[in-house]
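Source file: data_8.tsv (TSV, C-alpha atoms and all ligand atoms)
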```tsv
chain	number	residue	atom	x	y	z
A	1	VAL	CA	19.18	-17.47	-14.17
A	2	ALA	CA	16.85	-19.64	-16.30
A	3	GLY	CA	17.54	-19.45	-20.04
A	4	PHE	CA	19.42	-16.18	-19.86
A	5	THR	CA	22.50	-14.92	-18.09
A	6	GLU	CA	22.47	-12.37	-15.31
A	7	GLU	CA	24.44	-10.04	-17.57
A	8	GLU	CA	21.77	-10.29	-20.29
A	9	LEU	CA	19.10	-9.58	-17.70
A	10	VAL	CA	20.89	-6.58	-16.20
A	11	SER	CA	21.48	-5.13	-19.65
A	12	ALA	CA	17.77	-5.55	-20.49
A	13	LEU	CA	16.80	-3.92	-17.20
A	14	ARG	CA	19.13	-0.99	-17.74
A	15	THR	CA	17.30	-0.19	-20.95
A	16	ILE	CA	13.94	-0.31	-19.13
A	17	LEU	CA	14.92	1.81	-16.17
A	18	ASN	CA	15.63	5.49	-16.55
A	19	GLU	CA	18.55	6.25	-14.28
A	20	ASP	CA	18.72	10.01	-14.65
A	21	ALA	CA	17.08	11.60	-11.66
A	22	VAL	CA	17.60	14.30	-9.12
A	23	GLY	CA	19.98	13.22	-6.38
A	24	VAL	CA	21.23	10.10	-8.18
A	25	ARG	CA	25.00	10.41	-8.69
A	26	LEU	CA	25.41	6.81	-9.87
A	27	GLY	CA	22.61	4.35	-10.64
A	28	LEU	CA	22.63	0.75	-11.91
A	29	GLY	CA	25.78	-1.04	-12.98
A	30	ASP	CA	28.43	-0.43	-10.33
A	31	ASP	CA	28.89	-2.21	-7.00
A	32	ALA	CA	26.40	0.18	-5.40
A	33	ALA	CA	24.40	3.28	-6.18
A	34	LEU	CA	25.39	6.76	-5.02
A	35	VAL	CA	22.67	9.24	-4.08
A	36	ASP	CA	22.76	12.65	-2.48
A	37	PRO	CA	20.44	12.51	0.55
A	38	GLY	CA	20.14	16.27	0.95
A	39	SER	CA	19.27	17.67	4.34
A	40	HIS	CA	16.14	15.65	5.13
A	41	LEU	CA	15.65	12.63	7.34
A	42	MET	CA	15.76	9.40	5.33
A	43	VAL	CA	12.73	7.09	5.46
A	44	LEU	CA	13.67	3.47	4.79
A	45	THR	CA	11.30	0.56	4.25
A	46	SER	CA	11.24	-2.81	2.52
A	47	ASP	CA	8.71	-5.44	1.63
A	48	LEU	CA	9.01	-9.05	0.49
A	49	LEU	CA	6.51	-10.64	-1.90
A	50	VAL	CA	6.59	-14.42	-2.13
A	51	GLU	CA	4.91	-16.47	-4.85
A	52	GLY	CA	2.20	-18.68	-3.38
A	53	VAL	CA	1.96	-16.53	-0.25
A	54	HIS	CA	1.37	-12.99	-1.52
A	55	PHE	CA	0.50	-13.71	-5.15
A	56	GLN	CA	-0.14	-16.54	-7.60
A	57	ARG	CA	1.79	-16.53	-10.85
A	58	GLU	CA	-1.19	-17.90	-12.79
A	59	THR	CA	-3.62	-15.14	-11.77
A	60	THR	CA	-1.31	-12.11	-11.61
A	61	SER	CA	0.12	-10.21	-14.54
A	62	PRO	CA	3.85	-9.48	-14.08
A	63	HIS	CA	3.21	-5.85	-14.99
A	64	ASP	CA	0.64	-5.41	-12.19
A	65	LEU	CA	2.84	-7.36	-9.79
A	66	GLY	CA	5.79	-5.07	-10.48
A	67	TYR	CA	3.63	-2.00	-10.04
A	68	LYS	CA	2.14	-3.26	-6.80
A	69	SER	CA	5.44	-4.37	-5.27
A	70	LEU	CA	6.73	-0.82	-5.51
A	71	ALA	CA	3.42	0.89	-4.59
A	72	VAL	CA	3.09	-0.99	-1.28
A	73	ASN	CA	6.51	0.31	-0.21
A	74	VAL	CA	5.62	3.82	-1.33
A	75	SER	CA	2.51	3.53	0.85
A	76	ASP	CA	4.68	2.86	3.91
A	77	VAL	CA	6.73	5.98	3.17
A	78	ALA	CA	3.49	7.95	2.68
A	79	ALA	CA	2.26	6.72	6.07
A	80	MET	CA	5.26	8.46	7.67
A	81	GLY	CA	4.44	11.72	5.87
A	82	GLY	CA	7.45	11.15	3.61
A	83	SER	CA	8.26	11.42	-0.06
A	84	PRO	CA	9.66	8.32	-1.81
A	85	ARG	CA	12.87	8.80	-3.83
A	86	TYR	CA	14.86	5.63	-4.57
A	87	ALA	CA	14.21	1.91	-4.78
A	88	LEU	CA	16.31	-1.25	-4.74
A	89	VAL	CA	14.67	-4.28	-6.34
A	90	SER	CA	15.88	-7.82	-5.70
A	91	LEU	CA	14.46	-10.81	-7.45
A	92	GLY	CA	14.54	-14.58	-6.99
A	93	ILE	CA	13.68	-16.31	-10.28
A	94	PRO	CA	12.93	-20.02	-10.81
A	95	GLN	CA	14.08	-21.78	-14.00
A	96	SER	CA	10.50	-21.83	-15.27
A	97	VAL	CA	10.27	-18.04	-15.55
A	98	GLU	CA	11.01	-16.52	-18.92
A	99	MET	CA	12.93	-13.34	-19.57
A	100	ALA	CA	9.77	-11.73	-21.01
A	101	TRP	CA	8.05	-12.22	-17.65
A	102	VAL	CA	10.90	-10.48	-15.83
A	103	VAL	CA	10.97	-7.64	-18.34
A	104	GLU	CA	7.20	-7.13	-17.88
A	105	LEU	CA	7.66	-7.12	-14.10
A	106	TYR	CA	10.26	-4.38	-14.43
A	107	ALA	CA	8.03	-2.43	-16.80
A	108	GLY	CA	5.43	-2.41	-14.01
A	109	LEU	CA	8.06	-1.36	-11.48
A	110	ARG	CA	9.20	1.38	-13.83
A	111	ASP	CA	5.62	2.62	-14.32
A	112	ALA	CA	5.11	2.86	-10.56
A	113	ALA	CA	8.51	4.54	-10.14
A	114	SER	CA	7.53	7.09	-12.75
A	115	GLU	CA	4.11	7.64	-11.16
A	116	TYR	CA	5.73	8.44	-7.80
A	117	ALA	CA	8.73	10.29	-9.29
A	118	MET	CA	11.20	7.71	-8.02
A	119	THR	CA	14.32	6.05	-9.40
A	120	ILE	CA	15.23	2.36	-9.23
A	121	VAL	CA	18.94	2.55	-8.45
A	122	GLY	CA	19.93	-1.07	-7.96
A	123	GLY	CA	19.15	-4.54	-6.67
A	124	ASP	CA	20.14	-8.15	-7.19
A	125	THR	CA	18.93	-11.30	-8.95
A	126	SER	CA	19.30	-14.95	-8.07
A	127	ARG	CA	17.82	-18.35	-8.87
A	128	SER	CA	15.21	-19.56	-6.40
A	129	ASP	CA	12.51	-22.21	-6.08
A	130	SER	CA	9.65	-19.75	-6.31
A	131	ILE	CA	9.44	-16.12	-7.37
A	132	LEU	CA	10.64	-13.74	-4.66
A	133	ILE	CA	10.41	-9.97	-5.05
A	134	SER	CA	12.10	-7.82	-2.45
A	135	VAL	CA	11.72	-4.07	-2.83
A	136	ALA	CA	13.40	-1.53	-0.58
A	137	VAL	CA	12.49	2.15	-0.81
A	138	ALA	CA	14.35	5.17	0.50
A	139	GLY	CA	12.43	8.38	0.90
A	140	GLU	CA	12.78	11.63	2.72
A	141	VAL	CA	10.87	13.69	5.20
A	142	ALA	CA	11.61	17.11	6.68
A	143	GLU	CA	12.73	17.13	10.28
A	144	GLY	CA	9.65	17.49	12.48
A	145	LEU	CA	7.17	16.31	9.82
A	146	ALA	CA	7.57	12.55	10.21
A	147	VAL	CA	4.38	11.00	11.59
A	148	THR	CA	4.69	7.74	13.53
A	149	ARG	CA	2.08	5.32	14.90
A	150	SER	CA	2.67	6.44	18.46
A	151	GLY	CA	1.40	10.01	18.83
A	152	ALA	CA	-2.39	9.63	19.03
A	153	ARG	CA	-3.96	11.37	22.05
A	154	PRO	CA	-7.36	10.90	23.68
A	155	GLY	CA	-9.80	13.31	22.05
A	156	ASP	CA	-8.17	13.15	18.61
A	157	ARG	CA	-10.43	12.22	15.72
A	158	VAL	CA	-9.77	9.06	13.70
A	159	VAL	CA	-9.80	9.78	9.97
A	160	VAL	CA	-9.28	7.65	6.87
A	161	THR	CA	-8.58	8.59	3.23
A	162	GLY	CA	-10.61	7.29	0.29
A	163	ALA	CA	-12.86	4.27	0.69
A	164	LEU	CA	-12.24	0.77	1.96
A	165	GLY	CA	-12.86	-2.81	0.92
A	166	ALA	CA	-12.29	-2.52	-2.83
A	167	ALA	CA	-9.00	-4.45	-2.85
A	168	ALA	CA	-10.47	-7.30	-0.84
A	169	GLY	CA	-13.50	-7.29	-3.16
A	170	GLY	CA	-11.14	-7.44	-6.15
A	171	LEU	CA	-9.30	-10.39	-4.66
A	172	ARG	CA	-12.60	-12.22	-4.08
A	173	LEU	CA	-13.67	-11.49	-7.63
A	174	ALA	CA	-10.34	-12.60	-9.12
A	175	SER	CA	-10.17	-15.80	-7.10
A	176	ALA	CA	-13.84	-16.82	-7.25
A	177	PRO	CA	-14.10	-20.53	-8.12
A	178	LYS	CA	-16.45	-19.72	-11.00
A	179	ILE	CA	-15.69	-16.64	-13.05
A	180	ASP	CA	-18.67	-14.28	-13.10
A	181	VAL	CA	-18.15	-12.76	-16.55
A	182	ALA	CA	-20.81	-10.09	-16.14
A	183	ALA	CA	-19.45	-8.97	-12.77
A	184	VAL	CA	-15.83	-8.92	-13.99
A	185	ALA	CA	-16.81	-6.91	-17.07
A	186	SER	CA	-18.93	-4.35	-15.20
A	187	SER	CA	-17.33	-1.02	-14.36
A	188	SER	CA	-17.58	-1.83	-10.65
A	189	GLY	CA	-15.92	-5.18	-11.27
A	190	ARG	CA	-13.05	-3.58	-13.15
A	191	GLU	CA	-12.65	-1.02	-10.35
A	192	LEU	CA	-12.43	-3.78	-7.74
A	193	LEU	CA	-9.88	-5.77	-9.76
A	194	ALA	CA	-7.78	-2.64	-10.35
A	195	ALA	CA	-7.90	-1.72	-6.65
A	196	HIS	CA	-6.39	-5.09	-5.83
A	197	ALA	CA	-3.93	-5.31	-8.74
A	198	ARG	CA	-2.67	-1.73	-8.81
A	199	PRO	CA	-3.15	-0.03	-5.44
A	200	GLN	CA	-2.50	3.71	-5.27
A	201	ALA	CA	-0.29	5.03	-2.50
A	202	ARG	CA	-1.47	8.27	-0.87
A	203	VAL	CA	1.78	10.22	-0.91
A	204	GLY	CA	0.50	13.77	-1.26
A	205	GLU	CA	-2.34	13.05	1.13
A	206	GLY	CA	0.12	11.74	3.74
A	207	GLN	CA	2.23	14.87	3.49
A	208	THR	CA	-0.83	17.09	3.82
A	209	LEU	CA	-2.04	15.14	6.85
A	210	ALA	CA	1.44	15.54	8.39
A	211	ARG	CA	1.48	19.29	7.76
A	212	GLU	CA	-2.02	19.73	9.19
A	213	GLY	CA	-0.96	18.14	12.44
A	214	ALA	CA	-1.69	14.40	12.21
A	215	THR	CA	-0.63	12.97	15.56
A	216	ALA	CA	-0.32	9.38	14.32
A	217	MET	CA	-0.62	7.63	10.97
A	218	ILE	CA	-0.50	4.15	9.41
A	219	ASP	CA	-1.38	2.77	6.00
A	220	VAL	CA	-4.23	0.28	5.80
A	221	SER	CA	-2.45	-2.84	4.58
A	222	ASP	CA	-3.85	-5.47	6.94
A	223	GLY	CA	-7.38	-4.10	7.32
A	224	LEU	CA	-8.81	-1.09	9.17
A	225	ALA	CA	-9.42	-2.92	12.44
A	226	VAL	CA	-5.97	-4.55	12.55
A	227	ASP	CA	-4.11	-1.40	11.54
A	228	LEU	CA	-6.08	0.75	13.98
A	229	GLY	CA	-5.07	-1.82	16.59
A	230	HIS	CA	-1.38	-1.31	15.70
A	231	LEU	CA	-1.79	2.46	15.97
A	232	CYS	CA	-3.64	2.26	19.31
A	233	ARG	CA	-1.08	-0.12	20.78
A	234	GLU	CA	1.86	2.08	19.80
A	235	SER	CA	0.08	5.21	21.08
A	236	LYS	CA	-1.13	3.45	24.26
A	237	VAL	CA	-4.72	4.59	23.64
A	238	GLY	CA	-8.06	3.09	22.66
A	239	ALA	CA	-10.50	4.13	19.95
A	240	SER	CA	-14.14	3.96	18.97
A	241	ILE	CA	-15.27	3.65	15.37
A	242	VAL	CA	-18.75	4.60	14.20
A	243	LEU	CA	-19.60	1.73	11.86
A	244	ALA	CA	-22.06	3.78	9.79
A	245	ASP	CA	-19.30	6.29	9.03
A	246	VAL	CA	-16.77	3.79	7.68
A	247	PRO	CA	-16.44	4.68	3.97
A	248	ILE	CA	-17.18	1.62	1.86
A	249	ALA	CA	-15.98	1.59	-1.75
A	250	PRO	CA	-19.09	2.13	-3.94
A	251	SER	CA	-17.96	-0.59	-6.36
A	252	LEU	CA	-17.83	-3.05	-3.48
A	253	ALA	CA	-21.26	-2.03	-2.24
A	254	GLU	CA	-22.60	-2.61	-5.75
A	255	LEU	CA	-21.14	-6.10	-6.16
A	256	ALA	CA	-21.36	-7.28	-2.55
A	257	SER	CA	-24.39	-9.50	-3.08
A	258	THR	CA	-22.96	-10.96	-6.30
A	259	LEU	CA	-19.75	-11.77	-4.42
A	260	GLY	CA	-21.68	-12.98	-1.39
A	261	VAL	CA	-19.77	-10.72	0.98
A	262	ASP	CA	-20.66	-8.23	3.70
A	263	PRO	CA	-19.16	-4.93	2.47
A	264	LEU	CA	-18.64	-3.60	6.00
A	265	GLU	CA	-16.76	-6.75	6.95
A	266	LEU	CA	-14.41	-6.35	3.98
A	267	ALA	CA	-14.01	-2.63	4.69
A	268	LEU	CA	-13.02	-3.38	8.31
A	269	GLY	CA	-10.99	-6.54	7.75
A	270	GLY	CA	-10.15	-6.94	4.08
A	271	GLY	CA	-6.83	-5.20	3.88
A	272	GLU	CA	-4.59	-4.13	1.00
A	273	ASP	CA	-6.49	-0.88	0.44
A	274	TYR	CA	-3.38	1.21	1.16
A	275	GLU	CA	-5.50	4.12	2.34
A	276	LEU	CA	-4.10	6.21	5.19
A	277	LEU	CA	-5.55	5.95	8.68
A	278	ALA	CA	-4.60	8.93	10.84
A	279	THR	CA	-5.48	10.74	14.03
A	280	LEU	CA	-6.01	14.49	14.02
A	281	PRO	CA	-6.88	17.08	16.66
A	282	PRO	CA	-10.63	17.84	16.18
A	283	MET	CA	-9.94	21.45	15.16
A	284	ALA	CA	-7.71	20.34	12.29
A	285	VAL	CA	-10.27	18.04	10.67
A	286	PRO	CA	-12.40	20.46	8.57
A	287	LEU	CA	-9.43	22.17	6.87
A	288	THR	CA	-7.65	18.86	6.22
A	289	VAL	CA	-10.81	17.41	4.67
A	290	GLN	CA	-11.01	20.46	2.39
A	291	LEU	CA	-7.31	20.35	1.44
A	292	LEU	CA	-7.38	16.67	0.50
A	293	LYS	CA	-10.48	17.23	-1.61
A	294	ASP	CA	-9.08	20.33	-3.35
A	295	ARG	CA	-5.53	19.07	-3.92
A	296	PHE	CA	-6.07	15.40	-4.69
A	297	GLY	CA	-9.79	14.83	-5.09
A	298	THR	CA	-9.47	12.43	-2.17
A	299	ALA	CA	-12.12	12.06	0.50
A	300	LEU	CA	-11.09	12.17	4.15
A	301	THR	CA	-13.70	10.70	6.47
A	302	ASP	CA	-14.01	11.17	10.23
A	303	ILE	CA	-14.85	7.68	11.50
A	304	GLY	CA	-14.39	7.92	15.24
A	305	GLU	CA	-12.35	9.10	18.16
A	306	VAL	CA	-9.29	8.25	20.20
A	307	ARG	CA	-10.09	7.36	23.80
A	308	SER	CA	-7.98	6.93	26.88
A	309	GLY	CA	-7.41	3.40	28.05
A	310	GLU	CA	-7.07	0.32	25.92
A	311	GLY	CA	-9.35	-1.44	23.47
A	312	MET	CA	-11.28	-0.64	20.34
A	313	LEU	CA	-15.03	-0.25	20.18
A	314	ALA	CA	-17.48	-0.33	17.31
A	315	VAL	CA	-20.45	2.02	17.64
A	316	GLU	CA	-23.63	0.55	16.12
A	317	ASP	CA	-26.43	2.52	14.47
A	318	ASP	CA	-28.45	2.59	17.72
A	319	GLY	CA	-25.49	3.99	19.65
A	320	SER	CA	-24.66	0.75	21.40
A	321	GLU	CA	-21.00	-0.25	21.59
A	322	ARG	CA	-19.31	-3.59	21.16
A	323	PRO	CA	-15.66	-4.62	20.92
A	324	LEU	CA	-14.18	-4.07	17.46
A	325	GLU	CA	-12.60	-7.36	16.50
A	326	ALA	CA	-9.18	-6.92	14.93
A	327	GLU	CA	-9.71	-9.67	12.38
A	328	GLY	CA	-7.83	-8.97	9.22
A	329	TRP	CA	-5.78	-10.36	6.48
A	330	ASP	CA	-3.23	-12.83	7.81
A	331	HIS	CA	0.07	-12.60	5.91
A	332	PHE	CA	1.14	-15.97	7.22
A	333	GLY	CA	-2.10	-17.89	6.85
A	334	ARG	CA	-3.15	-16.97	3.37
A	335	THR	CA	-2.38	-19.23	0.42
B	401	MG	MG	2.47	0.03	6.73
```
Would you kindly transcribe this structure into structure tokens?
Amino acid sequence: VAGFTEEELVSALRTILNEDAVGVRLGLGDDAALVDPGSHLMVLTSDLLVEGVHFQRETTSPHDLGYKSLAVNVSDVAAMGGSPRYALVSLGIPQSVEMAWVVELYAGLRDAASEYAMTIVGGDTSRSDSILISVAVAGEVAEGLAVTRSGARPGDRVVVTGALGAAAGGLRLASAPKIDVAAVASSSGRELLAAHARPQARVGEGQTLAREGATAMIDVSDGLAVDLGHLCRESKVGASIVLADVPIAPSLAELASTLGVDPLELALGGGEDYELLATLPPMAVPLTVQLLKDRFGTALTDIGEVRSGEGMLAVEDDGSERPLEAEGWDHFGRT
């Protein structure tokens, strides 16, 4: 690999990564890791980040990239109501990448692992034409508490954690053809950039939603409308969303005109917010709202209802309804 050997890299990484953790019998350095899975169900997920498709080397710090590549996997575990435990990180590295870049990437991975109380127990490295980062996460969930996309029932409320659109606003700000120094330096600008560069997975919130009876759940990676579409399809239901109730990130609202964007459009279609979208029986909503606020300081907003039949509707301010277009972030079309 580039100007350093794989052995040198692995030895550097072993000094970055803390391998002592509950359940880890054997971490980095052998043919495989050994972990004690306990008595829970295992939750397994993986995600591939490709340079030029999911990120640009020139505009992304390796530290943020490392953090984000773990956090997006954690978000998928959170969306099942699970708790993340272990990660495997595999890396494709072109000749042009320096060891310092890789070490920074792992420092970001380590920071995210520490934030979510996880351990990086292994992985692989190889030469490649562009940077490839593949992260796999194993987590756990108690039998009966896993929440899938398929359990929503007509009459359930549709709820979402936090606020939406900030990550998409951050991406617009970071990739604007002309850097708006004042906007980037403002506190709202920094919030938007951070939302895109270092998304926060809603692990505790997901577990609370599961315990309070969430019937279906998904993380908002592709955009509210697209992800609600996934949930509705798997549950064989429809939904209506009250547009005025969709929580828009305040920092996005503040900078929307500077960025020349419609904040509602980014909140519905922007993606990468990694908030949780769930369905709850109506009776469970008030307590769950209170618990998320008390435990995590996280808002939970009721934005609509599950309906029988297919299709998603947007309810306008005057009560009229129109189809909710599932236009979101296209993983395959973006460059
Ligand atoms: Mg997901």
Q.
I'd like the neighbourhood of region 112-119 of chain A as a PyMOL selection string, where a residue qualifies if any of its atoms comes within 7 Å (using all atoms listed in the file), though same-chain residues fewer than 5 positions away should be ignored.
A. chain A and resi 19+21+67+70-71+84-87
Q. Counting all atoms listed in the file, what residues are within 12 Å of ligand MG 401 (chain B), given as number ranges by chain?
A. A: 44-47, 71-81, 148-149, 201-202, 217-224, 226-228, 230-231, 271-277
Hey, which bits of region 128-193 of chain A sit within 12 Å of region 100-108 of chain A, and for each residue what's the closest pair of atoms and how far apart in Å (one decimal), counting all atoms listed in the file, rows by chain and increasing number, as a tab-separated table?
```
residue	atom	partner	partner_atom	distance
A:Ile131	CA	A:Val102	CA	10.3
A:Leu132	CA	A:Val102	CA	11.6
A:Ile133	CA	A:Leu105	CA	9.9
A:Val135	CA	A:Tyr106	CA	11.7
```
Can I get the selection written as a PDB file, in the coordinates of the input, with C-alpha atoms?
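What follows is the written file again.pdb:
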```
ATOM      1  CA  ILE A 131       9.440 -16.120  -7.370  1.00  0.00           C
ATOM      2  CA  LEU A 132      10.640 -13.740  -4.660  1.00  0.00           C
ATOM      3  CA  ILE A 133      10.410  -9.970  -5.050  1.00  0.00           C
ATOM      4  CA  VAL A 135      11.720  -4.070  -2.830  1.00  0.00           C
TER       5      VAL A 135
END
```
Q. What gap, in Å, lies between CA of Pro250 (chain A) and CA of Arg157 (chain A)?
A.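 Computing it gives 23.7 Å between the two atoms.
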Rows by chain and residue number, region 225-266 of chain A within 6 Å of region 293-308 of chain A, shortest pair, only C-alpha atoms, as a tab-separated table:
```
residue	atom	partner	partner_atom	distance
A:Val237	CA	A:Ser308	CA	5.2
A:Gly238	CA	A:Arg307	CA	4.9
A:Ala239	CA	A:Val306	CA	4.3
A:Ser240	CA	A:Gly304	CA	5.4
A:Ile241	CA	A:Gly304	CA	4.4
A:Val242	CA	A:Gly304	CA	5.6
A:Asp245	CA	A:Ile303	CA	5.3
A:Val246	CA	A:Ile303	CA	5.8
```
Save out the residues we just selected, C-alpha atoms, as a PDB file, keeping the file's coordinate frame.
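The file below, selection.pdb, is the result:
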```pdb
ATOM      1  CA  VAL A 237      -4.720   4.590  23.640  1.00  0.00           C
ATOM      2  CA  GLY A 238      -8.060   3.090  22.660  1.00  0.00           C
ATOM      3  CA  ALA A 239     -10.500   4.130  19.950  1.00  0.00           C
ATOM      4  CA  SER A 240     -14.140   3.960  18.970  1.00  0.00           C
ATOM      5  CA  ILE A 241     -15.270   3.650  15.370  1.00  0.00           C
ATOM      6  CA  VAL A 242     -18.750   4.600  14.200  1.00  0.00           C
ATOM      7  CA  ASP A 245     -19.300   6.290   9.030  1.00  0.00           C
ATOM      8  CA  VAL A 246     -16.770   3.790   7.680  1.00  0.00           C
TER       9      VAL A 246
END
```
(Q) Using only C-alpha atoms for the distances, tell me which of A:Ser188, A:Gly269, A:Gly170, A:Ala225 is nearest to Ala314 (chain A). (A)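 When distances to Ala314 (chain A) are compared using only C-alpha atoms, the smallest one comes from A:Ala225.
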Q) Of the candidates A:Pro37, A:Pro154, A:Gly270, A:Gly122, which one gets nearest to Pro282 (chain A) if we count all atoms listed in the file? A) A:Pro154
**Q.** Residue nearest Ser130 (chain A) among A:Gly92, A:Gly165, A:Gly27, A:Gly319 (counting all atoms listed in the file)
**A.** A:Gly92
As AutoDock Vina command-line options, please report the centre and edge lengths, rounded to one decimal in Å, of the axis-aligned box that holds all listed atoms of region 300-315 of chain A with 3 Å of padding on each of the six sides.
```
--center_x -13.8 --center_y 5.4 --center_z 16.1 --size_x 19.4 --size_y 19.6 --size_z 29.9
```
Q. What separation in Å, quoted to one decimal, exists between CA of Val121 (chain A) and CA of Glu98 (chain A)?
A.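 These atoms are spaced 23.2 Å apart.
If only C-alpha atoms are the atoms counted, then among A:Leu171, A:Leu145, A:Ala176, A:Leu192 the closest residue to Ala214 (chain A) is A:Leu145.
Nearest residue to Gly204 (chain A), choosing from A:Ala244, A:Leu291, A:Met99, A:Ala32 and counting only C-alpha atoms: A:Leu291.
Separating CA of Gly260 (chain A) from CA of Ser187 (chain A) is a distance of 18.2 Å.
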Q: Mind checking which residues fall within 7 Å of Gly151 (chain A), counting only C-alpha atoms, ignoring those fewer than 3 positions away in the same chain, and posting them as a PyMOL selection string?
A: chain A and resi 148+215-216+235
Output the selection as a PDB file, in the frame of the given file - C-alpha atoms for each residue.
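Result went into again_38.pdb, see below:
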```
ATOM      1  CA  THR A 148       4.690   7.740  13.530  1.00  0.00           C
ATOM      2  CA  THR A 215      -0.630  12.970  15.560  1.00  0.00           C
ATOM      3  CA  ALA A 216      -0.320   9.380  14.320  1.00  0.00           C
ATOM      4  CA  SER A 235       0.080   5.210  21.080  1.00  0.00           C
TER       5      SER A 235
END
```
Q | Residue list as a PyMOL selection string for point (-13.7, 0.7, 0.9), cut-off 6 Å, all atoms listed in the file | A | chain A and resi 163-166+247-249+267
